[in-house]
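Colleague: My structure file my_file-v4.cif, mmCIF, C-alpha atoms, is below:
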```cif
data_protein
loop_
_atom_site.group_PDB
_atom_site.id
_atom_site.type_symbol
_atom_site.label_atom_id
_atom_site.label_comp_id
_atom_site.auth_asym_id
_atom_site.auth_seq_id
_atom_site.Cartn_x
_atom_site.Cartn_y
_atom_site.Cartn_z
ATOM 1 C CA MET H 10 18.080 -19.373 -35.922
ATOM 2 C CA ASN H 11 21.765 -19.559 -35.028
ATOM 3 C CA LYS H 12 24.588 -18.851 -37.484
ATOM 4 C CA THR H 13 25.350 -22.502 -38.264
ATOM 5 C CA ASP H 14 21.720 -23.354 -39.021
ATOM 6 C CA ARG H 15 21.344 -20.206 -41.121
ATOM 7 C CA MET H 16 24.440 -20.958 -43.201
ATOM 8 C CA LEU H 17 23.200 -24.482 -43.916
ATOM 9 C CA ALA H 18 19.774 -23.069 -44.818
ATOM 10 C CA ILE H 19 21.388 -20.564 -47.212
ATOM 11 C CA VAL H 20 23.121 -23.396 -49.082
ATOM 12 C CA LEU H 21 19.854 -25.329 -49.297
ATOM 13 C CA GLU H 22 18.044 -22.217 -50.534
ATOM 14 C CA LEU H 23 20.656 -21.633 -53.256
ATOM 15 C CA GLN H 24 20.457 -25.306 -54.184
ATOM 16 C CA ARG H 25 16.669 -24.986 -54.477
ATOM 17 C CA THR H 26 16.365 -21.661 -56.315
ATOM 18 C CA GLY H 27 19.575 -21.539 -58.357
ATOM 19 C CA THR H 28 20.190 -17.829 -57.757
ATOM 20 C CA SER H 29 19.178 -15.550 -54.884
ATOM 21 C CA ARG H 30 20.003 -11.944 -54.063
ATOM 22 C CA ALA H 31 21.357 -10.968 -50.667
ATOM 23 C CA GLU H 32 18.213 -8.869 -50.122
ATOM 24 C CA ASP H 33 15.989 -11.909 -50.732
ATOM 25 C CA LEU H 34 18.056 -14.129 -48.422
ATOM 26 C CA ALA H 35 17.942 -11.475 -45.712
ATOM 27 C CA ALA H 36 14.146 -11.338 -45.986
ATOM 28 C CA ILE H 37 13.800 -15.131 -45.893
ATOM 29 C CA PHE H 38 15.987 -15.560 -42.813
ATOM 30 C CA GLU H 39 14.852 -12.339 -41.129
ATOM 31 C CA THR H 40 18.306 -10.847 -40.750
ATOM 32 C CA SER H 41 20.334 -7.979 -42.209
ATOM 33 C CA ILE H 42 21.966 -7.885 -45.634
ATOM 34 C CA ARG H 43 25.323 -7.322 -43.923
ATOM 35 C CA THR H 44 24.840 -10.577 -41.983
ATOM 36 C CA ILE H 45 24.146 -12.420 -45.258
ATOM 37 C CA TYR H 46 27.360 -11.023 -46.707
ATOM 38 C CA ARG H 47 29.295 -12.362 -43.717
ATOM 39 C CA ASP H 48 27.588 -15.771 -43.990
ATOM 40 C CA ILE H 49 28.415 -16.033 -47.705
ATOM 41 C CA GLN H 50 32.039 -15.166 -46.984
ATOM 42 C CA ALA H 51 32.206 -17.781 -44.217
ATOM 43 C CA LEU H 52 30.725 -20.431 -46.522
ATOM 44 C CA SER H 53 33.230 -19.597 -49.250
ATOM 45 C CA GLU H 54 36.115 -19.836 -46.770
ATOM 46 C CA ALA H 55 34.746 -23.229 -45.674
ATOM 47 C CA GLY H 56 34.981 -24.516 -49.240
ATOM 48 C CA VAL H 57 31.404 -24.140 -50.463
ATOM 49 C CA PRO H 58 31.679 -22.989 -54.127
ATOM 50 C CA ILE H 59 29.453 -19.894 -54.153
ATOM 51 C CA VAL H 60 29.704 -17.369 -56.965
ATOM 52 C CA GLY H 61 28.229 -13.892 -57.048
ATOM 53 C CA ALA H 62 27.051 -11.968 -60.087
ATOM 54 C CA PRO H 63 26.451 -8.195 -59.767
ATOM 55 C CA GLY H 64 22.767 -7.411 -60.088
ATOM 56 C CA GLN H 65 21.765 -11.092 -60.124
ATOM 57 C CA GLY H 66 22.771 -12.603 -56.812
ATOM 58 C CA TYR H 67 24.546 -15.637 -55.453
ATOM 59 C CA SER H 68 24.499 -19.170 -56.851
ATOM 60 C CA LEU H 69 26.295 -22.481 -56.362
ATOM 61 C CA VAL H 70 28.831 -23.676 -58.926
ATOM 62 C CA ASP H 71 27.235 -26.115 -61.385
ATOM 63 C CA GLY H 72 27.524 -29.676 -60.188
ATOM 64 C CA TYR H 73 27.739 -28.874 -56.479
ATOM 65 C CA PHE H 74 25.168 -30.766 -54.446
ATOM 66 C CA LEU H 75 24.710 -30.836 -50.689
ATOM 67 C CA PRO H 76 24.216 -34.407 -49.436
ATOM 68 C CA PRO H 77 20.863 -35.197 -47.761
ATOM 69 C CA VAL H 78 20.546 -33.688 -44.319
ATOM 70 C CA SER H 79 19.236 -35.505 -41.269
ATOM 71 C CA PHE H 80 15.686 -34.991 -40.024
ATOM 72 C CA THR H 81 14.601 -34.106 -36.523
ATOM 73 C CA ALA H 82 11.666 -36.072 -35.081
ATOM 74 C CA GLU H 83 9.336 -33.126 -35.740
ATOM 75 C CA GLU H 84 10.488 -32.847 -39.376
ATOM 76 C CA ALA H 85 10.065 -36.604 -39.882
ATOM 77 C CA VAL H 86 6.528 -36.522 -38.456
ATOM 78 C CA THR H 87 5.667 -33.593 -40.748
ATOM 79 C CA LEU H 88 6.772 -35.552 -43.814
ATOM 80 C CA LEU H 89 5.021 -38.754 -42.705
ATOM 81 C CA LEU H 90 1.741 -36.915 -42.095
ATOM 82 C CA GLY H 91 2.013 -35.420 -45.579
ATOM 83 C CA ILE H 92 2.463 -38.930 -46.954
ATOM 84 C CA ASP H 93 -0.637 -40.054 -45.033
ATOM 85 C CA PHE H 94 -2.631 -37.330 -46.757
ATOM 86 C CA ILE H 95 -1.390 -38.342 -50.216
ATOM 87 C CA GLU H 96 -2.239 -41.974 -49.536
ATOM 88 C CA GLN H 97 -5.793 -41.031 -48.600
ATOM 89 C CA GLN H 98 -6.596 -38.474 -51.284
ATOM 90 C CA PHE H 99 -4.558 -39.203 -54.424
ATOM 91 C CA ASP H 100 -4.999 -41.902 -57.041
ATOM 92 C CA VAL H 101 -3.362 -45.322 -56.859
ATOM 93 C CA ASN H 102 -0.217 -44.241 -58.745
ATOM 94 C CA TYR H 103 0.637 -41.642 -56.111
ATOM 95 C CA ARG H 104 -0.357 -43.993 -53.275
ATOM 96 C CA VAL H 105 2.274 -46.468 -54.402
ATOM 97 C CA LYS H 106 4.897 -43.709 -54.559
ATOM 98 C CA ALA H 107 3.821 -42.408 -51.146
ATOM 99 C CA ARG H 108 4.372 -45.813 -49.552
ATOM 100 C CA ALA H 109 7.775 -46.086 -51.188
ATOM 101 C CA SER H 110 8.672 -42.603 -49.915
ATOM 102 C CA ARG H 111 7.618 -43.541 -46.391
ATOM 103 C CA GLY H 112 9.896 -46.558 -46.472
ATOM 104 C CA LYS H 113 12.857 -44.479 -47.635
ATOM 105 C CA ILE H 114 12.318 -41.804 -45.002
ATOM 106 C CA GLU H 115 11.936 -44.299 -42.180
ATOM 107 C CA SER H 116 14.996 -46.265 -43.326
ATOM 108 C CA ILE H 117 17.362 -43.279 -43.069
ATOM 109 C CA LEU H 118 16.202 -42.118 -39.637
ATOM 110 C CA PRO H 119 18.528 -42.911 -36.749
ATOM 111 C CA GLU H 120 16.987 -45.317 -34.262
ATOM 112 C CA SER H 121 16.595 -42.624 -31.613
ATOM 113 C CA VAL H 122 14.781 -40.316 -34.057
ATOM 114 C CA GLN H 123 12.603 -43.216 -35.233
ATOM 115 C CA ARG H 124 11.500 -43.910 -31.663
ATOM 116 C CA GLU H 125 10.739 -40.251 -31.014
ATOM 117 C CA ALA H 126 8.860 -39.928 -34.332
ATOM 118 C CA VAL H 127 6.737 -42.994 -33.509
ATOM 119 C CA ARG H 128 5.977 -41.550 -30.061
ATOM 120 C CA MET H 129 4.956 -38.171 -31.485
ATOM 121 C CA ARG H 130 2.938 -39.657 -34.338
ATOM 122 C CA ALA H 131 0.982 -41.820 -31.903
ATOM 123 C CA GLY H 132 -0.694 -38.639 -30.690
ATOM 124 C CA LEU H 133 -1.652 -37.407 -34.162
ATOM 125 C CA LYS H 134 -4.125 -38.799 -36.679
ATOM 126 C CA LEU H 135 -5.101 -37.426 -40.063
ATOM 127 C CA LEU H 136 -8.712 -38.159 -41.028
ATOM 128 C CA THR H 137 -9.595 -36.662 -44.382
ATOM 129 C CA GLY H 138 -11.656 -39.481 -45.831
ATOM 130 C CA THR H 139 -10.830 -41.469 -48.928
ATOM 131 C CA ALA H 140 -11.858 -41.287 -52.557
ATOM 132 C CA ASP H 141 -15.564 -41.992 -53.043
ATOM 133 C CA SER H 142 -15.023 -44.955 -55.345
ATOM 134 C CA GLU H 143 -12.701 -46.598 -57.813
ATOM 135 C CA GLN H 144 -14.389 -44.461 -60.471
ATOM 136 C CA SER H 145 -13.367 -41.276 -58.595
ATOM 137 C CA GLU H 146 -9.778 -42.512 -58.437
ATOM 138 C CA GLU H 147 -9.817 -43.178 -62.179
ATOM 139 C CA VAL H 148 -11.189 -39.690 -62.870
ATOM 140 C CA LEU H 149 -8.509 -38.092 -60.684
ATOM 141 C CA GLY H 150 -5.773 -40.079 -62.408
ATOM 142 C CA LEU H 151 -6.974 -39.152 -65.899
ATOM 143 C CA LEU H 152 -7.322 -35.470 -65.027
ATOM 144 C CA ARG H 153 -3.905 -35.358 -63.407
ATOM 145 C CA ARG H 154 -2.481 -36.784 -66.615
ATOM 146 C CA ALA H 155 -4.449 -34.289 -68.726
ATOM 147 C CA VAL H 156 -3.079 -31.358 -66.685
ATOM 148 C CA LEU H 157 0.517 -32.556 -67.003
ATOM 149 C CA GLU H 158 0.277 -33.363 -70.727
ATOM 150 C CA GLU H 159 -1.906 -30.307 -71.521
ATOM 151 C CA ARG H 160 -4.580 -32.385 -73.230
ATOM 152 C CA LYS H 161 -8.254 -31.516 -73.487
ATOM 153 C CA VAL H 162 -10.890 -33.682 -71.841
ATOM 154 C CA HIS H 163 -14.563 -34.288 -72.494
ATOM 155 C CA PHE H 164 -17.085 -35.305 -69.847
ATOM 156 C CA CYS H 165 -20.705 -35.120 -68.801
ATOM 157 C CA TYR H 166 -21.400 -32.965 -65.778
ATOM 158 C CA MET H 167 -24.225 -33.034 -63.252
ATOM 159 C CA LYS H 168 -24.972 -29.452 -62.212
ATOM 160 C CA LYS H 169 -25.903 -28.733 -58.604
ATOM 161 C CA ILE H 170 -28.858 -26.512 -59.471
ATOM 162 C CA PRO H 171 -31.164 -27.555 -62.334
ATOM 163 C CA GLU H 172 -32.118 -25.265 -65.196
ATOM 164 C CA PRO H 173 -35.700 -23.896 -65.421
ATOM 165 C CA THR H 174 -36.537 -26.947 -67.541
ATOM 166 C CA GLY H 175 -35.347 -29.244 -64.742
ATOM 167 C CA ASN H 176 -32.316 -30.448 -66.686
ATOM 168 C CA ARG H 177 -29.120 -30.880 -64.633
ATOM 169 C CA GLN H 178 -26.860 -32.592 -67.160
ATOM 170 C CA SER H 179 -24.487 -30.928 -69.574
ATOM 171 C CA SER H 180 -21.704 -32.023 -71.917
ATOM 172 C CA ARG H 181 -18.371 -30.209 -71.596
ATOM 173 C CA THR H 182 -15.055 -30.060 -73.423
ATOM 174 C CA VAL H 183 -12.442 -28.253 -71.348
ATOM 175 C CA GLU H 184 -8.762 -27.375 -71.119
ATOM 176 C CA PRO H 185 -7.667 -28.518 -67.623
ATOM 177 C CA TYR H 186 -5.378 -26.002 -65.919
ATOM 178 C CA GLY H 187 -5.082 -27.582 -62.468
ATOM 179 C CA LEU H 188 -6.596 -29.619 -59.643
ATOM 180 C CA VAL H 189 -7.432 -28.153 -56.242
ATOM 181 C CA PHE H 190 -8.332 -30.030 -53.061
ATOM 182 C CA VAL H 191 -10.623 -27.882 -50.929
ATOM 183 C CA GLY H 192 -13.218 -28.723 -48.317
ATOM 184 C CA GLY H 193 -12.530 -32.443 -48.655
ATOM 185 C CA THR H 194 -13.279 -32.464 -52.390
ATOM 186 C CA TRP H 195 -11.196 -32.340 -55.568
ATOM 187 C CA THR H 196 -12.100 -29.558 -58.004
ATOM 188 C CA LEU H 197 -10.870 -29.080 -61.571
ATOM 189 C CA ILE H 198 -9.988 -25.550 -62.709
ATOM 190 C CA ALA H 199 -10.419 -25.510 -66.484
ATOM 191 C CA PHE H 200 -11.231 -23.328 -69.466
ATOM 192 C CA CYS H 201 -14.695 -24.413 -70.597
ATOM 193 C CA HIS H 202 -15.389 -24.253 -74.329
ATOM 194 C CA LEU H 203 -19.152 -24.132 -73.712
ATOM 195 C CA ARG H 204 -18.987 -21.087 -71.398
ATOM 196 C CA GLN H 205 -15.810 -19.595 -72.917
ATOM 197 C CA GLU H 206 -14.329 -18.866 -69.494
ATOM 198 C CA LEU H 207 -12.580 -20.473 -66.552
ATOM 199 C CA ARG H 208 -14.941 -22.729 -64.621
ATOM 200 C CA HIS H 209 -14.754 -25.022 -61.590
ATOM 201 C CA PHE H 210 -15.888 -28.646 -61.834
ATOM 202 C CA ARG H 211 -16.252 -31.020 -58.914
ATOM 203 C CA LEU H 212 -14.869 -34.438 -59.709
ATOM 204 C CA GLN H 213 -17.780 -36.051 -57.871
ATOM 205 C CA ARG H 214 -20.179 -34.713 -60.502
ATOM 206 C CA MET H 215 -18.213 -35.866 -63.545
ATOM 207 C CA TYR H 216 -18.943 -39.015 -65.503
ATOM 208 C CA GLU H 217 -18.068 -40.495 -68.888
ATOM 209 C CA LEU H 218 -14.703 -38.715 -68.793
ATOM 210 C CA THR H 219 -12.581 -39.035 -71.945
ATOM 211 C CA LEU H 220 -8.963 -37.923 -72.344
ATOM 212 C CA LEU H 221 -8.699 -36.366 -75.819
ATOM 213 C CA ASP H 222 -5.690 -36.362 -78.132
ATOM 214 C CA GLU H 223 -6.180 -32.660 -78.842
ATOM 215 C CA LYS H 224 -3.550 -30.533 -77.097
ATOM 216 C CA PHE H 225 -3.809 -27.014 -75.677
ATOM 217 C CA GLU H 226 -1.364 -24.476 -74.272
ATOM 218 C CA ARG H 227 -1.948 -23.205 -70.764
ATOM 219 C CA PRO H 228 -1.639 -19.391 -70.654
ATOM 220 C CA SER H 229 1.689 -18.271 -69.223
ATOM 221 C CA SER H 230 -0.204 -15.749 -67.106
ATOM 222 C CA PHE H 231 -2.096 -18.493 -65.237
ATOM 223 C CA ASN H 232 -0.583 -19.550 -61.925
ATOM 224 C CA LEU H 233 -2.585 -22.071 -59.931
ATOM 225 C CA GLN H 234 -0.791 -21.167 -56.684
ATOM 226 C CA THR H 235 -1.869 -17.510 -56.878
ATOM 227 C CA TYR H 236 -5.173 -18.005 -58.728
ATOM 228 C CA GLU H 237 -8.240 -16.653 -56.957
ATOM 229 C CA PRO H 238 -11.676 -17.189 -58.509
ATOM 230 C CA PRO H 239 -13.865 -14.107 -58.980
ATOM 231 C CA ASP H 240 -16.346 -13.621 -56.167
ATOM 232 C CA ASP H 241 -19.734 -13.534 -57.888
ATOM 233 C CA ARG H 242 -21.850 -14.258 -54.809
ATOM 234 C CA ASN H 243 -24.060 -11.186 -54.988
ATOM 235 C CA VAL H 244 -27.321 -12.447 -53.436
ATOM 236 C CA LEU H 245 -27.822 -11.842 -49.701
ATOM 237 C CA VAL H 246 -30.008 -14.232 -47.723
ATOM 238 C CA HIS H 247 -31.243 -13.366 -44.219
ATOM 239 C CA ILE H 248 -32.183 -16.230 -41.891
ATOM 240 C CA LEU H 249 -33.481 -15.954 -38.322
ATOM 241 C CA LEU H 250 -32.449 -18.929 -36.182
ATOM 242 C CA ASN H 251 -33.200 -19.953 -32.631
ATOM 243 C CA ARG H 252 -30.552 -18.178 -30.543
ATOM 244 C CA ASP H 253 -29.754 -21.481 -28.797
ATOM 245 C CA LEU H 254 -28.141 -22.636 -32.061
ATOM 246 C CA LEU H 255 -25.242 -20.179 -31.862
ATOM 247 C CA ASP H 256 -22.702 -22.860 -30.900
ATOM 248 C CA LYS H 257 -23.828 -25.157 -33.718
ATOM 249 C CA VAL H 258 -23.666 -22.351 -36.277
ATOM 250 C CA LYS H 259 -20.093 -21.595 -35.211
ATOM 251 C CA GLU H 260 -19.200 -25.279 -35.203
ATOM 252 C CA TYR H 261 -20.479 -25.920 -38.732
ATOM 253 C CA ASN H 262 -18.838 -22.739 -40.095
ATOM 254 C CA TYR H 263 -21.058 -22.796 -43.190
ATOM 255 C CA PHE H 264 -19.191 -21.655 -46.305
ATOM 256 C CA TYR H 265 -21.795 -19.082 -47.391
ATOM 257 C CA THR H 266 -21.990 -17.337 -43.989
ATOM 258 C CA GLU H 267 -21.332 -13.613 -44.268
ATOM 259 C CA ALA H 268 -22.326 -12.494 -40.747
ATOM 260 C CA VAL H 269 -23.922 -13.791 -37.540
ATOM 261 C CA GLU H 270 -25.599 -11.408 -35.099
ATOM 262 C CA GLU H 271 -27.506 -12.001 -31.875
ATOM 263 C CA THR H 272 -30.709 -9.933 -31.813
ATOM 264 C CA SER H 273 -33.695 -9.686 -29.479
ATOM 265 C CA GLU H 274 -35.694 -11.905 -31.866
ATOM 266 C CA GLY H 275 -33.047 -14.557 -32.344
ATOM 267 C CA LEU H 276 -29.858 -15.315 -34.207
ATOM 268 C CA LEU H 277 -29.659 -13.360 -37.461
ATOM 269 C CA VAL H 278 -27.510 -15.176 -40.045
ATOM 270 C CA VAL H 279 -26.606 -13.435 -43.299
ATOM 271 C CA LEU H 280 -25.543 -15.651 -46.203
ATOM 272 C CA ARG H 281 -23.975 -14.488 -49.464
ATOM 273 C CA VAL H 282 -24.685 -16.747 -52.449
ATOM 274 C CA ARG H 283 -24.895 -16.841 -56.240
ATOM 275 C CA GLN H 284 -28.416 -18.275 -56.275
ATOM 276 C CA PHE H 285 -30.686 -18.673 -53.284
ATOM 277 C CA GLU H 286 -31.342 -22.311 -54.233
ATOM 278 C CA GLU H 287 -27.803 -23.112 -53.080
ATOM 279 C CA VAL H 288 -28.773 -22.724 -49.419
ATOM 280 C CA LEU H 289 -32.232 -24.337 -49.545
ATOM 281 C CA PRO H 290 -31.038 -27.695 -48.075
ATOM 282 C CA TRP H 291 -29.144 -25.855 -45.310
ATOM 283 C CA VAL H 292 -32.225 -23.815 -44.360
ATOM 284 C CA LEU H 293 -34.468 -26.895 -44.306
ATOM 285 C CA SER H 294 -31.955 -28.786 -42.161
ATOM 286 C CA TRP H 295 -32.752 -26.483 -39.212
ATOM 287 C CA GLY H 296 -36.458 -27.364 -39.323
ATOM 288 C CA ALA H 297 -38.735 -25.132 -37.253
ATOM 289 C CA ASP H 298 -35.708 -23.373 -35.725
ATOM 290 C CA ALA H 299 -35.135 -21.403 -38.953
ATOM 291 C CA LYS H 300 -37.172 -18.631 -40.541
ATOM 292 C CA VAL H 301 -36.325 -17.076 -43.894
ATOM 293 C CA LEU H 302 -36.609 -13.286 -43.772
ATOM 294 C CA SER H 303 -35.425 -12.629 -47.330
ATOM 295 C CA PRO H 304 -35.388 -12.937 -50.268
ATOM 296 C CA GLU H 305 -39.067 -13.647 -50.857
ATOM 297 C CA PRO H 306 -38.477 -16.288 -53.600
ATOM 298 C CA LEU H 307 -36.554 -18.377 -51.075
ATOM 299 C CA ARG H 308 -39.406 -18.091 -48.579
ATOM 300 C CA LYS H 309 -41.787 -19.433 -51.196
ATOM 301 C CA ARG H 310 -39.453 -22.299 -52.105
ATOM 302 C CA VAL H 311 -39.225 -23.296 -48.431
ATOM 303 C CA GLN H 312 -43.032 -23.242 -48.200
ATOM 304 C CA GLU H 313 -43.277 -25.436 -51.295
ATOM 305 C CA GLU H 314 -40.809 -27.959 -49.905
ATOM 306 C CA ILE H 315 -42.629 -28.068 -46.570
ATOM 307 C CA ALA H 316 -45.925 -28.686 -48.387
ATOM 308 C CA LYS H 317 -44.331 -31.573 -50.284
ATOM 309 C CA MET H 318 -42.983 -33.063 -47.059
ATOM 310 C CA ILE H 319 -46.410 -32.864 -45.380
ATOM 311 C CA LYS H 320 -47.876 -34.980 -48.202
ATOM 312 C CA HIS H 321 -45.515 -37.783 -47.215
ATOM 313 C CA TYR H 322 -46.911 -37.956 -43.644
#
```
Let's see the structure in the file written out as structure tokens.
Modeller:
Amino acid sequence: MNKTDRMLAIVLELQRTGTSRAEDLAAIFETSIRTIYRDIQALSEAGVPIVGAPGQGYSLVDGYFLPPVSFTAEEAVTLLLGIDFIEQQFDVNYRVKARASRGKIESILPESVQREAVRMRAGLKLLTGTADSEQSEEVLGLLRRAVLEERKVHFCYMKKIPEPTGNRQSSRTVEPYGLVFVGGTWTLIAFCHLRQELRHFRLQRMYELTLLDEKFERPSSFNLQTYEPPDDRNVLVHILLNRDLLDKVKEYNYFYTEAVEETSEGLLVVLRVRQFEEVLPWVLSWGADAKVLSPEPLRKRVQEEIAKMIKHY
């Protein structure tokens, strides 16, 4: 980054953060603190109203605002692709705003940049799928509102693995902390009153969602951007696959995969799960090319499923 670009970036950074120390700016722009000092001095001499407070850092004088900067073709394509994603995965309210944003961005681009952006974008396509149904969009919209307004919600939830009684349904009242899009699916991070702990709920498994009037206060210690769920996958599953399936195993990149090793007997795949039932469909999908080595309860479940399938033929 040359000096001119860096000085402009420093102003934008101060405009974004409010106050930044020279040490922080040096780290961001990968330069020395002395260089930052010189850049700040040059900006001040050029008329940019920067003030410095000992022990706090530099900031812009209240009321100073840098006019919008121009976009390069690459920057414009980046923004437009982000808008494509929002249009595909967010609820209708955000889709409308995304389209409006696209129009504003495209309207301010110089004609030459517009042509280059169109040319570059023609070689890129974002396929993430769309919401499953209008009901899913409604659920996402209600939960987004609940997170912003810090209001509790109540819903019925269809669990992935049934209880010993065969029941898969449960009724939950939760305090929604945030929404996460991972693996093509929206997940709600919320404090569950039934379990008295943070839990993850897939929006696809929610129904009869109700936004409650009861408010809650999100803990100040919770930060969705840095939050990492506890890893409670403590059950190891060992599967022996036909060694010819190595490319497919790599291609699918199964979430629960812990290790893959080529052995004289075949392809040894180690999975790490919470409950072995989670991987039963995956094991069965390989047919006769898969053999469960452990745990024994999973072997028996596979045998039971195979016996049930034989009855159908």
Colleague: Which residues, named as in the file, does the PyMOL selection byres ((chain H and resi 81) around 10) pick out? Answer as a list in words.
Modeller: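 When the PyMOL selection byres ((chain H and resi 81) around 10) is applied to the shown file, the picked residues are Val78, Ser79, Phe80, Ala82, Glu83, Glu84, Ala85, Val86, Thr87, Leu118, Pro119, Val122, Gln123, Glu125 and Ala126 of chain H.
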Colleague: How would the residues just chosen look if you wrote them out with C-alpha atoms as a compact mmCIF listing (two decimals), in the coordinates of the input?
Modeller:
```
# COMPACT_ATOMS: atom_id res chain seq x y z
CA VAL H 78 20.55 -33.69 -44.32
CA SER H 79 19.24 -35.51 -41.27
CA PHE H 80 15.69 -34.99 -40.02
CA ALA H 82 11.67 -36.07 -35.08
CA GLU H 83 9.34 -33.13 -35.74
CA GLU H 84 10.49 -32.85 -39.38
CA ALA H 85 10.06 -36.60 -39.88
CA VAL H 86 6.53 -36.52 -38.46
CA THR H 87 5.67 -33.59 -40.75
CA LEU H 118 16.20 -42.12 -39.64
CA PRO H 119 18.53 -42.91 -36.75
CA VAL H 122 14.78 -40.32 -34.06
CA GLN H 123 12.60 -43.22 -35.23
CA GLU H 125 10.74 -40.25 -31.01
CA ALA H 126 8.86 -39.93 -34.33
```
Colleague: Report as a VMD selection string all protein, DNA and RNA residues lying within 12 Å of Glu158 in chain H, evaluated on all atoms listed in the file, omitting residues in the same chain fewer than 3 positions from it.
Modeller: chain H and resid 151 to 155 161 to 162 184 to 187 220 to 227
Colleague: Show which residues sit within 12 Å of range 22-29 of chain H, as a PDB file with C-alpha atoms, in the frame of the given file. Count all atoms listed in the file, and ignore same-chain residues fewer than 4 positions away.
Modeller:
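Wrote it out as selection_33.pdb, contents follow:
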```
ATOM      1  CA  ARG H  15      21.344 -20.206 -41.121  1.00  0.00           C
ATOM      2  CA  MET H  16      24.440 -20.958 -43.201  1.00  0.00           C
ATOM      3  CA  LEU H  17      23.200 -24.482 -43.916  1.00  0.00           C
ATOM      4  CA  ALA H  18      19.774 -23.069 -44.818  1.00  0.00           C
ATOM      5  CA  ASP H  33      15.989 -11.909 -50.732  1.00  0.00           C
ATOM      6  CA  LEU H  34      18.056 -14.129 -48.422  1.00  0.00           C
ATOM      7  CA  ALA H  35      17.942 -11.475 -45.712  1.00  0.00           C
ATOM      8  CA  ALA H  36      14.146 -11.338 -45.986  1.00  0.00           C
ATOM      9  CA  ILE H  37      13.800 -15.131 -45.893  1.00  0.00           C
ATOM     10  CA  PHE H  38      15.987 -15.560 -42.813  1.00  0.00           C
ATOM     11  CA  ILE H  45      24.146 -12.420 -45.258  1.00  0.00           C
ATOM     12  CA  ILE H  49      28.415 -16.033 -47.705  1.00  0.00           C
ATOM     13  CA  VAL H  57      31.404 -24.140 -50.463  1.00  0.00           C
ATOM     14  CA  PRO H  58      31.679 -22.989 -54.127  1.00  0.00           C
ATOM     15  CA  ILE H  59      29.453 -19.894 -54.153  1.00  0.00           C
ATOM     16  CA  VAL H  60      29.704 -17.369 -56.965  1.00  0.00           C
ATOM     17  CA  GLY H  61      28.229 -13.892 -57.048  1.00  0.00           C
ATOM     18  CA  ALA H  62      27.051 -11.968 -60.087  1.00  0.00           C
ATOM     19  CA  PRO H  63      26.451  -8.195 -59.767  1.00  0.00           C
ATOM     20  CA  GLY H  64      22.767  -7.411 -60.088  1.00  0.00           C
ATOM     21  CA  GLN H  65      21.765 -11.092 -60.124  1.00  0.00           C
ATOM     22  CA  GLY H  66      22.771 -12.603 -56.812  1.00  0.00           C
ATOM     23  CA  TYR H  67      24.546 -15.637 -55.453  1.00  0.00           C
ATOM     24  CA  SER H  68      24.499 -19.170 -56.851  1.00  0.00           C
ATOM     25  CA  LEU H  69      26.295 -22.481 -56.362  1.00  0.00           C
ATOM     26  CA  VAL H  70      28.831 -23.676 -58.926  1.00  0.00           C
ATOM     27  CA  ASP H  71      27.235 -26.115 -61.385  1.00  0.00           C
ATOM     28  CA  GLY H  72      27.524 -29.676 -60.188  1.00  0.00           C
ATOM     29  CA  TYR H  73      27.739 -28.874 -56.479  1.00  0.00           C
ATOM     30  CA  PHE H  74      25.168 -30.766 -54.446  1.00  0.00           C
ATOM     31  CA  LEU H  75      24.710 -30.836 -50.689  1.00  0.00           C
ATOM     32  CA  PRO H  76      24.216 -34.407 -49.436  1.00  0.00           C
ATOM     33  CA  PRO H  77      20.863 -35.197 -47.761  1.00  0.00           C
TER      34      PRO H  77
END
```
Colleague: Name the residues captured by the PyMOL selection byres ((chain H and resi 203-212) around 12) when it is applied to the shown file; answer as a PyMOL selection string.
Modeller: chain H and resi 140-142+144-153+163-169+179-202+213-218+227-228+231+236-239
Colleague: When distances are computed from only C-alpha atoms, which of H:Thr219, H:Leu293, H:Ile95, H:Tyr46 shows the smallest separation from Arg160 in chain H?
Modeller: H:Thr219
Colleague: So how far away is CA of Gly91 in chain H from CA of Leu136 in chain H, in Å?
Modeller: 12.0 Å
Colleague: Which residues, named as in the file, does the PyMOL selection byres ((chain H and resi 300) around 10) pick out? Answer as a list of chain:residue names.
Modeller: H:His247, H:Ile248, H:Leu249, H:Leu250, H:Asn251, H:Leu277, H:Val292, H:Leu293, H:Trp295, H:Gly296, H:Ala297, H:Asp298, H:Ala299, H:Val301, H:Leu302, H:Ser303, H:Arg308, H:Val311
Colleague: Just to be explicit: take each residue in the selection above, keep C-alpha atoms, and write the result as a CSV table (one decimal), in the frame of the given file.
Modeller:
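File produced: result_4.csv:
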```csv
chain,number,residue,atom,x,y,z
H,247,HIS,CA,-31.2,-13.4,-44.2
H,248,ILE,CA,-32.2,-16.2,-41.9
H,249,LEU,CA,-33.5,-16.0,-38.3
H,250,LEU,CA,-32.4,-18.9,-36.2
H,251,ASN,CA,-33.2,-20.0,-32.6
H,277,LEU,CA,-29.7,-13.4,-37.5
H,292,VAL,CA,-32.2,-23.8,-44.4
H,293,LEU,CA,-34.5,-26.9,-44.3
H,295,TRP,CA,-32.8,-26.5,-39.2
H,296,GLY,CA,-36.5,-27.4,-39.3
H,297,ALA,CA,-38.7,-25.1,-37.3
H,298,ASP,CA,-35.7,-23.4,-35.7
H,299,ALA,CA,-35.1,-21.4,-39.0
H,301,VAL,CA,-36.3,-17.1,-43.9
H,302,LEU,CA,-36.6,-13.3,-43.8
H,303,SER,CA,-35.4,-12.6,-47.3
H,308,ARG,CA,-39.4,-18.1,-48.6
H,311,VAL,CA,-39.2,-23.3,-48.4
```
Colleague: Just give me the gap between CA of Asp253 in chain H and CA of Ala316 in chain H in Å, one decimal is fine.
Modeller: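 That distance, rounded to one decimal, is 26.4 Å.
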Colleague: Using only C-alpha atoms, which of H:Leu307, H:Ala268, H:Val282, H:Ala55 sits nearest Asp240 in chain H?
Modeller: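 Among H:Leu307, H:Ala268, H:Val282, H:Ala55, it is H:Val282 that comes nearest to Asp240 in chain H.
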